[in-house]
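The next block is data36.txt, given as compact mmCIF, C-alpha atoms and all ligand atoms.
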```
# COMPACT_ATOMS: atom_id res chain seq x y z
CA MET A 1 264.11 -22.95 146.57
CA LYS A 2 264.71 -20.00 148.89
CA PRO A 3 265.52 -20.79 152.53
CA ARG A 4 262.74 -20.18 155.02
CA VAL A 5 262.42 -17.46 157.60
CA LEU A 6 259.96 -17.69 160.48
CA SER A 7 259.15 -15.42 163.37
CA GLY A 8 256.22 -14.70 165.66
CA ILE A 9 254.65 -12.16 167.99
CA GLN A 10 252.16 -12.72 170.81
CA PRO A 11 248.76 -11.05 170.39
CA THR A 12 248.78 -9.51 173.86
CA GLY A 13 249.00 -5.90 175.04
CA ASN A 14 249.83 -3.16 172.58
CA LEU A 15 252.52 -3.69 169.97
CA HIS A 16 255.27 -1.15 170.74
CA ILE A 17 258.33 0.35 169.09
CA GLY A 18 260.52 -2.33 170.73
CA ASN A 19 258.58 -5.06 168.92
CA TYR A 20 258.77 -3.02 165.75
CA LEU A 21 262.50 -2.22 165.86
CA GLY A 22 263.53 -5.58 167.32
CA ALA A 23 261.44 -7.75 165.03
CA LEU A 24 258.69 -6.55 162.70
CA ARG A 25 260.70 -3.97 160.79
CA ASN A 26 263.38 -6.54 160.04
CA TRP A 27 260.82 -9.04 158.81
CA VAL A 28 259.67 -6.42 156.33
CA LYS A 29 263.25 -5.76 155.20
CA ILE A 30 264.20 -9.40 154.58
CA GLN A 31 260.86 -10.94 153.56
CA TYR A 32 261.61 -11.17 149.82
CA ASP A 33 264.98 -12.88 150.35
CA TYR A 34 263.22 -15.90 151.86
CA GLU A 35 260.12 -17.99 151.83
CA SER A 36 258.68 -16.05 154.74
CA ILE A 37 256.26 -17.14 157.44
CA PHE A 38 255.09 -14.68 160.10
CA CYS A 39 253.04 -16.06 162.90
CA ILE A 40 250.57 -14.62 165.43
CA VAL A 41 251.26 -16.91 168.36
CA ASP A 42 247.93 -17.11 170.17
CA LEU A 43 248.77 -20.47 171.78
CA HIS A 44 251.69 -18.73 173.47
CA ALA A 45 249.40 -15.92 174.62
CA VAL A 46 247.14 -18.33 176.53
CA THR A 47 250.02 -19.56 178.70
CA VAL A 48 248.70 -16.78 180.94
CA TYR A 49 244.96 -16.02 181.21
CA GLN A 50 243.57 -13.80 178.44
CA LYS A 51 240.00 -12.53 178.24
CA PRO A 52 238.63 -14.51 175.29
CA GLU A 53 236.93 -11.58 173.54
CA ASP A 54 240.04 -9.40 173.90
CA LEU A 55 242.33 -12.10 172.55
CA LYS A 56 240.30 -12.51 169.38
CA ALA A 57 240.36 -8.77 168.73
CA LYS A 58 244.11 -8.62 169.40
CA ILE A 59 244.80 -11.37 166.86
CA VAL A 60 243.09 -9.39 164.11
CA GLU A 61 244.73 -6.13 165.24
CA LEU A 62 248.15 -7.75 165.08
CA ALA A 63 247.50 -9.11 161.59
CA GLY A 64 246.55 -5.56 160.56
CA LEU A 65 249.77 -4.20 162.05
CA PHE A 66 251.92 -6.80 160.28
CA LEU A 67 250.48 -5.67 156.95
CA ALA A 68 250.50 -1.97 157.83
CA ALA A 69 254.21 -2.23 158.70
CA GLY A 70 254.88 -3.63 155.24
CA ILE A 71 254.50 -7.41 155.33
CA ASP A 72 253.28 -8.33 151.86
CA PRO A 73 250.66 -11.09 152.11
CA LYS A 74 251.02 -11.90 148.41
CA HIS A 75 254.57 -13.02 149.11
CA SER A 76 254.79 -13.79 152.84
CA MET A 77 252.56 -16.23 154.69
CA VAL A 78 250.83 -14.56 157.61
CA ILE A 79 249.36 -17.15 159.94
CA VAL A 80 247.65 -17.65 163.27
CA GLN A 81 249.37 -20.44 165.18
CA SER A 82 246.15 -22.09 166.41
CA MET A 83 244.80 -22.38 162.85
CA VAL A 84 247.58 -24.80 161.92
CA PRO A 85 247.33 -27.99 164.05
CA GLY A 86 250.93 -28.97 163.36
CA HIS A 87 252.27 -26.41 165.87
CA ALA A 88 250.60 -28.06 168.86
CA GLU A 89 251.22 -31.56 167.53
CA LEU A 90 254.93 -31.07 167.01
CA ALA A 91 255.18 -29.28 170.36
CA TRP A 92 254.00 -32.45 172.11
CA LEU A 93 256.46 -34.65 170.26
CA LEU A 94 259.31 -32.24 171.11
CA THR A 95 258.18 -32.01 174.74
CA CYS A 96 259.01 -35.70 175.00
CA VAL A 97 262.68 -35.09 174.14
CA THR A 98 263.09 -31.95 176.29
CA PRO A 99 264.49 -32.33 179.82
CA VAL A 100 262.57 -30.37 182.47
CA GLY A 101 265.81 -28.81 183.72
CA TRP A 102 266.33 -27.05 180.37
CA LEU A 103 262.94 -25.34 180.78
CA GLN A 104 263.37 -24.42 184.43
CA ARG A 105 266.56 -22.56 183.54
CA MET A 106 264.85 -20.16 181.11
CA THR A 107 265.08 -16.62 182.44
CA GLN A 108 261.68 -15.58 181.01
CA PHE A 109 260.03 -18.56 182.71
CA LYS A 110 261.66 -17.67 186.01
CA ALA A 111 260.60 -14.01 185.72
CA LYS A 112 257.02 -14.74 184.59
CA SER A 113 256.43 -17.48 187.13
CA GLU A 114 257.40 -15.10 189.94
CA GLU A 115 254.58 -12.76 188.83
CA GLN A 116 251.84 -15.45 188.97
CA GLU A 117 250.18 -17.08 191.95
CA THR A 118 249.68 -20.38 190.17
CA ILE A 119 251.69 -21.32 187.13
CA GLY A 120 250.08 -23.20 184.26
CA SER A 121 252.34 -25.97 182.98
CA GLY A 122 251.98 -24.32 179.56
CA LEU A 123 254.15 -21.48 180.82
CA MET A 124 257.03 -23.88 181.35
CA GLN A 125 256.38 -25.57 177.97
CA TYR A 126 256.33 -22.19 176.25
CA PRO A 127 259.83 -22.46 174.70
CA VAL A 128 259.11 -25.97 173.39
CA LEU A 129 256.09 -24.62 171.52
CA MET A 130 258.32 -21.86 170.18
CA ALA A 131 260.86 -24.47 169.02
CA ALA A 132 257.98 -26.29 167.33
CA ASP A 133 256.92 -23.10 165.49
CA ILE A 134 260.38 -22.84 164.00
CA LEU A 135 261.22 -26.50 163.39
CA LEU A 136 257.79 -27.23 161.89
CA TYR A 137 258.83 -25.21 158.84
CA GLN A 138 262.54 -26.11 158.92
CA ALA A 139 263.22 -22.37 159.16
CA LYS A 140 266.86 -21.37 158.62
CA VAL A 141 266.58 -17.80 159.92
CA VAL A 142 264.63 -16.41 162.87
CA PRO A 143 264.62 -12.59 163.13
CA VAL A 144 263.89 -11.57 166.73
CA GLY A 145 264.86 -9.09 169.44
CA ASP A 146 267.59 -9.89 171.93
CA ASP A 147 265.19 -11.18 174.62
CA GLN A 148 264.43 -14.25 172.49
CA SER A 149 268.07 -15.35 172.11
CA GLN A 150 267.91 -17.84 174.99
CA HIS A 151 264.72 -19.41 173.61
CA LEU A 152 266.39 -19.82 170.25
CA GLU A 153 269.41 -21.51 171.79
CA LEU A 154 266.98 -23.91 173.40
CA ALA A 155 265.28 -24.53 170.05
CA ARG A 156 268.67 -25.52 168.63
CA ASP A 157 269.36 -27.77 171.63
CA ILE A 158 266.00 -29.50 171.17
CA ALA A 159 266.62 -29.93 167.43
CA GLN A 160 270.08 -31.35 168.09
CA ARG A 161 268.80 -33.75 170.72
CA PHE A 162 266.06 -34.95 168.40
CA ASN A 163 268.53 -35.38 165.54
CA SER A 164 270.92 -37.37 167.69
CA LEU A 165 268.16 -39.63 169.07
CA TYR A 166 266.24 -40.24 165.84
CA GLY A 167 268.59 -39.29 162.98
CA ASP A 168 269.04 -36.06 161.06
CA THR A 169 265.62 -34.43 160.83
CA PHE A 170 265.74 -30.73 161.61
CA VAL A 171 267.56 -27.78 160.05
CA MET A 172 269.43 -25.72 162.71
CA PRO A 173 267.77 -22.30 162.95
CA GLU A 174 269.93 -19.17 163.20
CA THR A 175 269.09 -16.18 165.41
CA ARG A 176 269.03 -12.89 163.46
CA LEU A 177 269.25 -9.76 165.64
CA PRO A 178 269.08 -6.21 164.28
CA ALA A 179 272.29 -4.13 164.57
CA VAL A 180 270.42 -1.33 166.38
CA GLY A 181 267.14 -1.75 168.28
CA ALA A 182 267.60 -5.37 169.41
CA ARG A 183 266.75 -4.30 172.98
CA VAL A 184 264.71 -1.14 173.32
CA MET A 185 264.39 -0.15 176.98
CA GLY A 186 261.37 1.23 178.86
CA LEU A 187 261.09 5.03 178.63
CA ASP A 188 260.21 5.35 182.31
CA GLU A 189 262.62 2.64 183.54
CA PRO A 190 265.55 2.44 181.14
CA GLU A 191 267.12 -0.44 183.07
CA LYS A 192 264.25 -2.72 181.98
CA LYS A 193 263.39 -3.76 178.43
CA MET A 194 260.31 -2.16 176.93
CA SER A 195 257.49 -4.61 177.49
CA LYS A 196 253.86 -4.99 176.37
CA SER A 197 252.76 -5.91 179.88
CA ALA A 198 254.52 -3.20 181.94
CA PRO A 199 251.98 -1.14 183.89
CA GLY A 200 253.35 2.43 183.57
CA SER A 201 251.51 4.68 181.07
CA GLY A 202 254.80 6.30 180.10
CA HIS A 203 256.65 3.01 179.62
CA ALA A 204 256.22 2.16 175.95
CA VAL A 205 255.27 3.92 172.72
CA ALA A 206 252.60 1.81 171.04
CA LEU A 207 252.55 1.60 167.26
CA LEU A 208 249.03 3.00 167.24
CA ASP A 209 249.61 5.82 169.76
CA PRO A 210 248.41 9.20 168.41
CA PRO A 211 251.21 11.78 167.79
CA GLU A 212 250.40 13.84 170.89
CA VAL A 213 250.65 10.72 173.10
CA ILE A 214 253.96 9.74 171.53
CA ARG A 215 255.32 13.22 172.18
CA LYS A 216 254.15 13.25 175.79
CA LYS A 217 255.68 9.86 176.56
CA ILE A 218 259.03 10.73 175.01
CA MET A 219 259.19 14.20 176.58
CA ARG A 220 258.69 12.55 179.98
CA ALA A 221 261.27 9.80 179.44
CA THR A 222 263.75 9.27 182.27
CA THR A 223 267.21 10.71 181.55
CA ASP A 224 270.02 11.46 184.02
CA SER A 225 271.54 14.40 185.89
CA ASN A 226 273.77 15.60 183.02
CA PRO A 227 272.38 18.64 181.19
CA ALA A 228 273.28 17.61 177.65
CA VAL A 229 274.34 14.63 175.52
CA ASP A 230 277.81 13.30 176.23
CA PHE A 231 278.33 10.02 174.37
CA GLU A 232 280.98 8.91 176.90
CA LYS A 233 278.93 9.54 180.03
CA ALA A 234 275.29 9.13 178.95
CA GLY A 235 273.10 7.11 181.31
CA PRO A 236 270.78 4.30 180.11
CA GLY A 237 267.80 6.61 179.46
CA VAL A 238 269.76 8.83 177.10
CA VAL A 239 271.48 5.86 175.45
CA ASN A 240 268.01 4.41 174.83
CA LEU A 241 266.62 7.60 173.29
CA LEU A 242 269.65 7.85 171.00
CA ALA A 243 269.25 4.18 170.01
CA ILE A 244 265.56 4.72 169.19
CA PHE A 245 266.44 7.69 167.00
CA GLN A 246 269.28 5.81 165.30
CA ALA A 247 267.15 2.74 164.63
CA PHE A 248 264.36 4.78 163.02
CA SER A 249 266.69 7.07 161.06
CA ASP A 250 269.33 4.50 160.05
CA TRP A 251 271.98 7.17 160.68
CA PRO A 252 275.56 5.90 161.07
CA ASP A 253 277.42 6.38 164.40
CA ASP A 254 279.53 9.34 163.22
CA LYS A 255 276.47 11.27 162.03
CA MET A 256 274.71 10.55 165.35
CA LYS A 257 277.74 11.87 167.28
CA ALA A 258 278.15 14.98 165.16
CA HIS A 259 274.46 15.84 165.41
CA PHE A 260 273.66 15.05 169.03
CA SER A 261 276.89 15.75 170.98
CA ASP A 262 276.26 18.50 173.55
CA MET A 263 272.57 18.78 172.64
CA ARG A 264 270.37 19.61 175.64
CA TYR A 265 268.06 16.79 176.71
CA GLY A 266 264.90 18.80 175.99
CA ASP A 267 265.97 19.21 172.35
CA LEU A 268 267.10 15.60 172.08
CA LYS A 269 263.65 14.46 173.23
CA LYS A 270 261.88 16.77 170.77
CA GLN A 271 263.91 15.33 167.91
CA VAL A 272 263.34 11.75 169.00
CA ALA A 273 259.59 12.38 169.32
CA GLU A 274 259.49 13.95 165.85
CA MET A 275 261.40 11.00 164.35
CA VAL A 276 259.10 8.43 165.98
CA GLU A 277 255.93 10.32 165.00
CA THR A 278 256.91 10.69 161.35
CA SER A 279 258.06 7.06 161.15
CA LEU A 280 254.84 5.68 162.63
CA ASP A 281 252.50 7.97 160.70
CA PRO A 282 252.49 5.94 157.43
CA ILE A 283 252.01 2.70 159.39
CA GLN A 284 249.02 4.18 161.22
CA ARG A 285 247.50 5.42 157.95
CA ARG A 286 247.88 2.02 156.29
CA TYR A 287 246.45 0.34 159.38
CA ARG A 288 243.29 2.47 159.14
CA GLU A 289 242.95 1.63 155.43
CA ILE A 290 243.46 -2.11 155.96
CA THR A 291 241.01 -2.35 158.83
CA SER A 292 238.31 -0.39 156.99
CA ASP A 293 237.47 -3.66 155.15
CA PRO A 294 236.35 -6.03 157.94
CA GLY A 295 236.63 -9.29 155.96
CA TYR A 296 240.01 -8.63 154.40
CA LEU A 297 242.28 -9.70 157.25
CA ASP A 298 240.30 -12.84 157.89
CA GLY A 299 240.85 -13.79 154.25
CA VAL A 300 244.60 -13.15 154.55
CA LEU A 301 244.84 -15.38 157.64
CA ARG A 302 242.84 -18.21 156.05
CA ALA A 303 244.96 -18.07 152.92
CA GLY A 304 248.13 -18.12 155.05
CA ALA A 305 246.98 -21.20 156.95
CA GLU A 306 246.19 -23.01 153.70
CA ARG A 307 249.58 -22.24 152.24
CA VAL A 308 251.59 -23.45 155.24
CA ASP A 309 249.49 -26.47 156.11
CA PRO A 310 251.14 -28.90 153.63
CA ILE A 311 254.61 -27.94 154.93
CA ALA A 312 253.45 -28.43 158.51
CA ARG A 313 251.83 -31.78 157.79
CA SER A 314 254.86 -33.16 156.02
CA THR A 315 257.16 -32.26 158.95
CA VAL A 316 254.78 -33.81 161.49
CA GLU A 317 254.56 -37.00 159.41
CA LEU A 318 258.35 -37.11 159.10
CA VAL A 319 258.82 -36.65 162.84
CA LYS A 320 256.17 -39.22 163.74
CA GLY A 321 257.76 -41.70 161.36
CA ARG A 322 261.19 -41.12 162.91
CA MET A 323 259.80 -41.63 166.41
CA GLY A 324 257.89 -44.75 165.47
CA VAL A 325 254.42 -43.50 166.39
CA TYR A 326 251.68 -44.49 163.96
CA THR A 327 251.28 -42.37 160.85
CA ARG A 328 248.58 -42.29 158.20
CA GLY A 329 251.29 -43.04 155.65
P1 LIG B 1 256.98 -11.19 171.92
O1 LIG B 1 255.57 -11.19 171.46
O2 LIG B 1 257.26 -10.92 173.35
O3 LIG B 1 257.79 -10.12 171.10
C1 LIG B 1 257.76 -10.09 169.70
C2 LIG B 1 259.10 -9.70 169.14
O4 LIG B 1 259.49 -8.41 169.62
C3 LIG B 1 260.80 -8.49 170.19
N1 LIG B 1 260.86 -7.56 171.32
C4 LIG B 1 261.76 -6.58 171.45
N2 LIG B 1 262.77 -6.19 170.66
C5 LIG B 1 263.49 -5.13 171.06
N3 LIG B 1 263.26 -4.45 172.21
C6 LIG B 1 262.26 -4.82 173.05
N4 LIG B 1 262.02 -4.15 174.17
C7 LIG B 1 261.45 -5.93 172.68
N5 LIG B 1 260.39 -6.56 173.25
C8 LIG B 1 260.05 -7.56 172.41
C9 LIG B 1 260.95 -9.93 170.63
O5 LIG B 1 262.31 -10.29 170.74
C10 LIG B 1 260.23 -10.66 169.53
O6 LIG B 1 261.08 -10.87 168.42
N6 LIG B 1 258.26 -15.98 172.25
C11 LIG B 1 258.09 -14.89 171.33
C12 LIG B 1 257.13 -15.17 170.20
C13 LIG B 1 257.37 -16.41 169.41
C14 LIG B 1 258.39 -16.59 168.43
C15 LIG B 1 258.18 -17.91 167.92
C16 LIG B 1 259.41 -15.79 167.93
C17 LIG B 1 256.65 -17.55 169.47
N7 LIG B 1 257.13 -18.47 168.55
C18 LIG B 1 259.00 -18.42 166.92
C19 LIG B 1 260.22 -16.32 166.94
C20 LIG B 1 260.03 -17.62 166.45
C21 LIG B 1 257.56 -13.69 172.09
O7 LIG B 1 256.94 -13.82 173.11
O8 LIG B 1 257.72 -12.52 171.46
```
Could you write out this file's structure as structure tokens?
Amino acid sequence: MKPRVLSGIQPTGNLHIGNYLGALRNWVKIQYDYESIFCIVDLHAVTVYQKPEDLKAKIVELAGLFLAAGIDPKHSMVIVQSMVPGHAELAWLLTCVTPVGWLQRMTQFKAKSEEQETIGSGLMQYPVLMAADILLYQAKVVPVGDDQSQHLELARDIAQRFNSLYGDTFVMPETRLPAVGARVMGLDEPEKKMSKSAPGSGHAVALLDPPEVIRKKIMRATTDSNPAVDFEKAGPGVVNLLAIFQAFSDWPDDKMKAHFSDMRYGDLKKQVAEMVETSLDPIQRRYREITSDPGYLDGVLRAGAERVDPIARSTVELVKGRMGVYTRG
């Protein structure tokens, strides 16, 4: 049997090129090498308030984008987290072996909790639910962007702690980062990672942005006071634009240097915009095709849930048995 890969994305905000280059594109590349499970993590989304009607629409939109980007639902299992009860069930069982201090140390928790007036306890439990997503399927490989590395370390710590308390139960999941594009930065603030929730209209290129919007955002991206590309001295904005181009084009370093050295920033931006537009165009076309049949995505998500459910149930039963809580047997 092939080893399993699992990853997930929250159905909040607009999916952007950071999500694509850091995660989704790599799922597409490796999906056939594994038994692949790709999850829309709506239970993570509700750790902060979401308008119910918007959340539902975002879940379906995200499923459409997974498929439009090239996830093959005949091979890979595309699921919504809340449709498979095992995620929440295992999360509780793992919560009971997770020290509070481990959760309070998480940098994303610290950052997010500073933004909120009151913090739901779900926000602190967030990484335990993420560990449950992975461990529920005994996933070996987890392809993510760099910002999830700390959460994955925690997932391994939780797995190890469970294994040492109750005997060998969980496979240790590995973090798989892309070589280029693991941390795409905001176009307007290149010191900060590109984020779905950042307020600025020039911050992120969304996967469904029309070509003229993509161009505008990239042409306005923050650079630095140098007039042209110097690979030794480039500031974070220019480094980011070059990384975006390289990730989409798959050009090697020497080709990047030969082509872009001494290029004026205006021309660099035009070429980056062109590269992003032509790369996103086929995804946008497929997205329109897929969403023209309203029932299709719902069918894909139901089929995904049915396929993963037996795996999820057997892990939950195993874990319950190990812990000594009552099982149906
Ligand atoms: P989320 O929804 O914030 O992001 C989804 C994926 O996109 C990556 N990513 C980025 N990569 C490069 N540059 C960026 N600027 C950038 N921003 C986001 C993220 O690293 C991620 O891979 N907690 C997760 C979702 C999750 C999950 C899981 C992931 C829940 N359960 C189990 C893996 C396995 C999250 O909020 O991702």
Problem set entry | Nearby residues, ligand LIG 1 (chain B), 6 Å, all atoms listed in the file, as an MDAnalysis selection string | chainID A and resid 6:10 18:19 22:23 41 130 133:134 142 144:148 181:185 193:195
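Minimum atom-to-atom distances from A:Lys51, A:Arg264, A:His203, A:Lys255 to Val229 in chain A were compared using all atoms listed in the file, and the lowest value belongs to A:Arg264.
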For this session: Tell me which protein, DNA and RNA residues are within 10 Å of Leu65 in chain A, counting only C-alpha atoms, leaving out same-chain ones fewer than 4 positions away, and put them as a VMD selection string.
Result: chain A and resid 15 20 24 59 to 61 69 to 71 207 to 208 283 to 284 286 to 288 290 to 291
Exercise. Skipping near chain neighbours, those fewer than 2 positions away, what residues fall within 7 Å of range 301-304 of chain A using only C-alpha atoms, listed as a list in words?
Worked result: Met77, Val78, Ile79, Val80, Leu297, Asp298, Gly299, Glu306, Arg307 and Val308 of chain A
Problem set entry | 8 Å contact set for Gln125 in chain A, all atoms listed in the file, chain neighbours under 4 positions out, as a PyMOL selection string | chain A and resi 95+103+121+129
Reconstructed N, CA and C atoms for range 128-154 of chain A, given as a short mmCIF file (atom, residue, chain, number, x, y, z; two decimals), in the coordinates of the input:
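Output below, filename part-v7.cif:
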```cif
data_model
loop_
_atom_site.label_atom_id
_atom_site.label_comp_id
_atom_site.auth_asym_id
_atom_site.auth_seq_id
_atom_site.Cartn_x
_atom_site.Cartn_y
_atom_site.Cartn_z
N VAL A 128 259.18 -24.78 174.26
CA VAL A 128 259.11 -25.97 173.39
C VAL A 128 258.14 -25.69 172.24
N LEU A 129 257.03 -25.00 172.57
CA LEU A 129 256.09 -24.62 171.52
C LEU A 129 256.77 -23.66 170.52
N MET A 130 257.60 -22.80 171.06
CA MET A 130 258.32 -21.86 170.18
C MET A 130 259.30 -22.63 169.28
N ALA A 131 259.97 -23.63 169.84
CA ALA A 131 260.86 -24.47 169.02
C ALA A 131 260.04 -25.17 167.94
N ALA A 132 258.84 -25.61 168.31
CA ALA A 132 257.98 -26.29 167.33
C ALA A 132 257.59 -25.34 166.20
N ASP A 133 257.28 -24.08 166.53
CA ASP A 133 256.92 -23.10 165.49
C ASP A 133 258.01 -23.03 164.43
N ILE A 134 259.24 -23.04 164.90
CA ILE A 134 260.38 -22.84 164.00
C ILE A 134 260.70 -24.12 163.24
N LEU A 135 260.77 -25.24 163.99
CA LEU A 135 261.22 -26.50 163.39
C LEU A 135 260.15 -27.09 162.46
N LEU A 136 258.89 -26.74 162.72
CA LEU A 136 257.79 -27.23 161.89
C LEU A 136 258.01 -26.86 160.42
N TYR A 137 258.63 -25.70 160.21
CA TYR A 137 258.83 -25.21 158.84
C TYR A 137 260.30 -25.32 158.41
N GLN A 138 261.11 -25.97 159.21
CA GLN A 138 262.54 -26.11 158.92
C GLN A 138 263.13 -24.73 158.61
N ALA A 139 262.76 -23.74 159.43
CA ALA A 139 263.22 -22.37 159.16
C ALA A 139 264.72 -22.25 159.42
N LYS A 140 265.40 -21.55 158.51
CA LYS A 140 266.86 -21.37 158.62
C LYS A 140 267.16 -20.13 159.45
N VAL A 141 266.31 -19.10 159.30
CA VAL A 141 266.58 -17.80 159.92
C VAL A 141 265.38 -17.36 160.76
N VAL A 142 265.69 -16.87 161.98
CA VAL A 142 264.63 -16.41 162.87
C VAL A 142 264.96 -15.00 163.35
N PRO A 143 264.33 -13.98 162.73
CA PRO A 143 264.62 -12.59 163.13
C PRO A 143 263.81 -12.20 164.37
N VAL A 144 264.52 -11.90 165.45
CA VAL A 144 263.89 -11.57 166.73
C VAL A 144 264.69 -10.48 167.44
N GLY A 145 264.12 -9.97 168.55
CA GLY A 145 264.86 -9.09 169.44
C GLY A 145 265.72 -9.93 170.38
N ASP A 146 266.60 -9.24 171.07
CA ASP A 146 267.59 -9.89 171.93
C ASP A 146 266.98 -10.78 173.02
N ASP A 147 265.78 -10.41 173.52
CA ASP A 147 265.19 -11.18 174.62
C ASP A 147 264.80 -12.60 174.22
N GLN A 148 264.79 -12.90 172.93
CA GLN A 148 264.43 -14.25 172.49
C GLN A 148 265.65 -15.14 172.24
N SER A 149 266.85 -14.59 172.45
CA SER A 149 268.07 -15.35 172.11
C SER A 149 268.14 -16.67 172.90
N GLN A 150 267.80 -16.62 174.18
CA GLN A 150 267.91 -17.84 174.99
C GLN A 150 266.91 -18.90 174.50
N HIS A 151 265.71 -18.46 174.13
CA HIS A 151 264.72 -19.41 173.61
C HIS A 151 265.21 -20.05 172.32
N LEU A 152 265.90 -19.26 171.52
CA LEU A 152 266.39 -19.82 170.25
C LEU A 152 267.54 -20.81 170.46
N GLU A 153 268.36 -20.52 171.46
CA GLU A 153 269.41 -21.51 171.79
C GLU A 153 268.76 -22.82 172.20
N LEU A 154 267.70 -22.71 172.97
CA LEU A 154 266.98 -23.91 173.40
C LEU A 154 266.38 -24.65 172.19
#
```
